[in-house]
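Student: Please see the structure below; I have some questions.
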Amino acid sequence: MIDIVIFGAPGAGKGTQAKLLAEKYDFLHISTGDLLRQEVELGTPMGQRAQAIMNRGDLVGDDIVVPLLDRALQKRSTAPNPDSLIDPWDRERHGAPHRPEGSIIDGFPRTVSQAQTLEFMFRKLQRRIDLVVAIDVPRDELVRRIHERAAISGRADDTEEVIRHRLDLYDEQTKPVLDYYRVSGLLMTVDGSEQIADTNYRIGLAIEARMK
Ligand code: ADP
């Protein structure tokens with residue numbers, strides 16, 4: 001069982017990498033951006049409050065994000081133990097809930113205060129973060145990628161002005177989280193400026209080293 005935080009600026013490829021890793025290692029993928037977008041789509045009170053903030057590229061308040069993350073983490077902790085003698089296919093056929101091998105959190109923490117909250121949440125669940133993978137990509141490349149994504153994503157926060165604002169917020173509020181994890185010895189930085197598969201390979205090596 002391993003709990004990983006995947007970290008990076010908007011456009012660094014956190015979501016893409018988290019999805020690939022979740023499939024490869026059978027991890028539960030928890031993306032706070034996806035959780036928020038889901039609430040917006042469902043039109044829940046939380047979603048209604050979050051929508052305008054997200055469209056501006058600002059950070060949604062902890063009073064909204066933290067309960068969403070908490071709910072997702074609880075789900076992972078309360079899943080029943082699998083019978084390791086039954087292969088996953090059989091388990092699904094017999095209707096037993098599947099328990100993932102670990103979790104990968106993407107989009108949280110985005111501030112030092114969120115990092116402290118996450119630690120507290122994990123402690124409550126008698127778990128701890130095992131590894132923080134930071135995907136490092138130069139700003140020019142981030143801007144290029146977000147523009148490219150904007151053409152297909154239809155995301156309201158992928159416009160020129162909002163993109164710049166999101167990157168500035170990342171520099172001001174999110175980057176300091178790196179130091180927080182560096183000090184605790186959990187941080188592993190990976191070059192994310194190459195192809196998706198290259199980055200994925202590098203992160204895989206880090207995860208496997210930590211899983212041993
Ligand atoms: P990106 O990494 O490209 O910004 P995400 O899907 O991670 O995309 O996040 C989209 C938006 O959702 C953010 O700009 C922010 O408004 C909101 N959001 C996601 N995670 C958090 C968080 N941990 N705290 C506050 N707001 C968040």
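Labels used: A, B, ... for chains in the order of the structure tokens, numbers from 1 for residues in each chain, and numbers from 1 for ligands as shown.
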Among chain A, which residues does DSSP mark as helix (DSSP H, G or I) when it is run on the backbone? Keep the chain and numbering as in the structure and answer as a PyMOL selection string.
Tutor: chain A and resi 14-25+32-42+45-56+62-78+88-93+112-124+139-153+160-174+176-183+196-211
Student: Output as a list in words all residues of region 123-172 of chain A that backbone DSSP marks as strand (DSSP E).
Tutor: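 Of region 123-172 of chain A, only Leu131, Val132, Val133, Ala134, Ile135 and Asp136 of chain A fall in strand (DSSP E).
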Student: Compile the contact shell of region 43-50 of chain A as an MDAnalysis selection string: residues with an atom at most 12 Å away, counting only C-alpha atoms, same-chain residues fewer than 2 positions apart removed.
Tutor: chainID A and resid 32:41 52:68
Student: Dump C-alpha atoms for the selected residues as a JSON list (two decimals), in the first residue's frame?
Tutor:
```json
[["chain", "number", "residue", "atom", "x", "y", "z"],
["A", 32, "THR", "CA", -9.39, 17.60, -6.68],
["A", 33, "GLY", "CA", -9.85, 19.41, -10.03],
["A", 34, "ASP", "CA", -11.98, 16.49, -11.31],
["A", 35, "LEU", "CA", -13.91, 16.29, -8.03],
["A", 36, "LEU", "CA", -14.68, 20.00, -8.28],
["A", 37, "ARG", "CA", -15.64, 19.83, -11.95],
["A", 38, "GLN", "CA", -17.97, 16.95, -11.09],
["A", 39, "GLU", "CA", -19.70, 19.08, -8.45],
["A", 40, "VAL", "CA", -20.04, 21.91, -10.97],
["A", 41, "GLU", "CA", -21.54, 19.56, -13.53],
["A", 52, "ALA", "CA", -17.02, 31.18, -10.68],
["A", 53, "ILE", "CA", -13.81, 30.80, -8.64],
["A", 54, "MET", "CA", -12.49, 28.10, -10.97],
["A", 55, "ASN", "CA", -13.42, 30.07, -14.08],
["A", 56, "ARG", "CA", -11.35, 32.98, -12.77],
["A", 57, "GLY", "CA", -8.43, 30.61, -12.15],
["A", 58, "ASP", "CA", -8.46, 31.27, -8.41],
["A", 59, "LEU", "CA", -8.10, 28.68, -5.70],
["A", 60, "VAL", "CA", -11.34, 27.31, -4.35],
["A", 61, "GLY", "CA", -11.64, 27.65, -0.57],
["A", 62, "ASP", "CA", -10.53, 24.86, 1.74],
["A", 63, "ASP", "CA", -14.08, 24.70, 3.12],
["A", 64, "ILE", "CA", -15.10, 23.23, -0.26],
["A", 65, "VAL", "CA", -12.01, 21.28, -1.37],
["A", 66, "VAL", "CA", -11.13, 19.62, 1.93],
["A", 67, "PRO", "CA", -14.50, 17.86, 2.50],
["A", 68, "LEU", "CA", -14.44, 16.61, -1.11]]
```
Student: What is the distance between atom 22 (C, counted along the ligand's line) of ligand 1 and CA of Leu167 (chain A), in Å to one decimal?
Tutor: 13.8 Å
Student: What is the distance between CA of His165 (chain A) and CA of Leu131 (chain A), in Å to one decimal?
Tutor: 28.4 Å
Student: Measuring between only C-alpha atoms, which one of A:Leu28, A:Leu118, A:Ala22, A:Leu187 shows the shortest distance to Leu69 (chain A)?
Tutor: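 Answer, going by the shortest atom-to-atom distance: A:Leu118.
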Student: Would you mind reading off the distance between CA of Pro10 (chain A) and atom 7 (O, counted along the ligand's line) of ligand 1, one decimal, in Å?
Tutor: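 Atom-to-atom, CA of Pro10 (chain A) and atom 7 (O, counted along the ligand's line) of ligand 1 are spaced 6.8 Å apart.
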Student: Nearest residue to Leu205 (chain A) out of A:Thr111, A:Leu21, A:Ile104, A:Leu42, using only C-alpha atoms?
Tutor: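 Looking only at the distances to Leu205 (chain A), the closest residue turns out to be A:Leu21.
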Student: Between A:Ile105, A:Ala115, A:Val143, A:Ile129, which one has atoms that come closest to Asp168 (chain A), using only C-alpha atoms?
Tutor: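 Closest to Asp168 (chain A), using only C-alpha atoms: A:Val143.
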Student: So that I can see what lies close to region 174-186 of chain A, please list as a ChimeraX atom specification the residues with an atom at most 6 Å from it, counting only C-alpha atoms and leaving out residues fewer than 2 positions away in the same chain.
Tutor: /A:110-112,131-132,170-171
Student: So that I have them on file, write out the residues from the current selection with N, CA, C and O atoms, as a compact mmCIF listing (two decimals), in the first residue's frame.
Tutor:
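That gives us out17.txt:
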```
# COMPACT_ATOMS: atom_id res chain seq x y z
N ARG A 110 -2.23 22.53 -2.65
CA ARG A 110 -1.85 23.67 -3.50
C ARG A 110 -1.33 24.83 -2.67
O ARG A 110 -0.94 25.85 -3.22
N THR A 111 -1.37 24.69 -1.36
CA THR A 111 -0.81 25.70 -0.45
C THR A 111 -0.14 24.95 0.70
O THR A 111 -0.44 23.77 0.92
N VAL A 112 0.74 25.65 1.42
CA VAL A 112 1.39 25.02 2.56
C VAL A 112 0.34 24.62 3.61
O VAL A 112 0.42 23.54 4.20
N LEU A 131 5.31 9.31 -0.78
CA LEU A 131 6.15 9.90 -1.83
C LEU A 131 5.43 11.09 -2.46
O LEU A 131 4.23 11.05 -2.68
N VAL A 132 6.20 12.14 -2.73
CA VAL A 132 5.66 13.29 -3.46
C VAL A 132 6.48 13.41 -4.74
O VAL A 132 7.70 13.59 -4.70
N TYR A 170 0.33 29.65 -8.97
CA TYR A 170 1.17 28.47 -8.71
C TYR A 170 2.52 28.93 -8.14
O TYR A 170 2.98 28.40 -7.13
N ASP A 171 3.13 29.94 -8.79
CA ASP A 171 4.43 30.42 -8.32
C ASP A 171 4.34 30.96 -6.89
O ASP A 171 5.21 30.69 -6.06
```
Student: Can you tell me, as a list in words, what residues are no more than 12 Å from Thr199 (chain A) when counting only C-alpha atoms, ignoring any on the same chain fewer than 3 positions away?
Tutor: Ala12, Gly13, Lys14, Thr16, Gln17, Ala18, Leu20, Leu21, Val133, Ala134, Ile135, Asp136, Val137, Thr189, Val190, Asp191, Gly192, Ser193, Glu194, Gln195, Ile196, Arg202, Ile203, Gly204, Leu205 and Ala206 of chain A
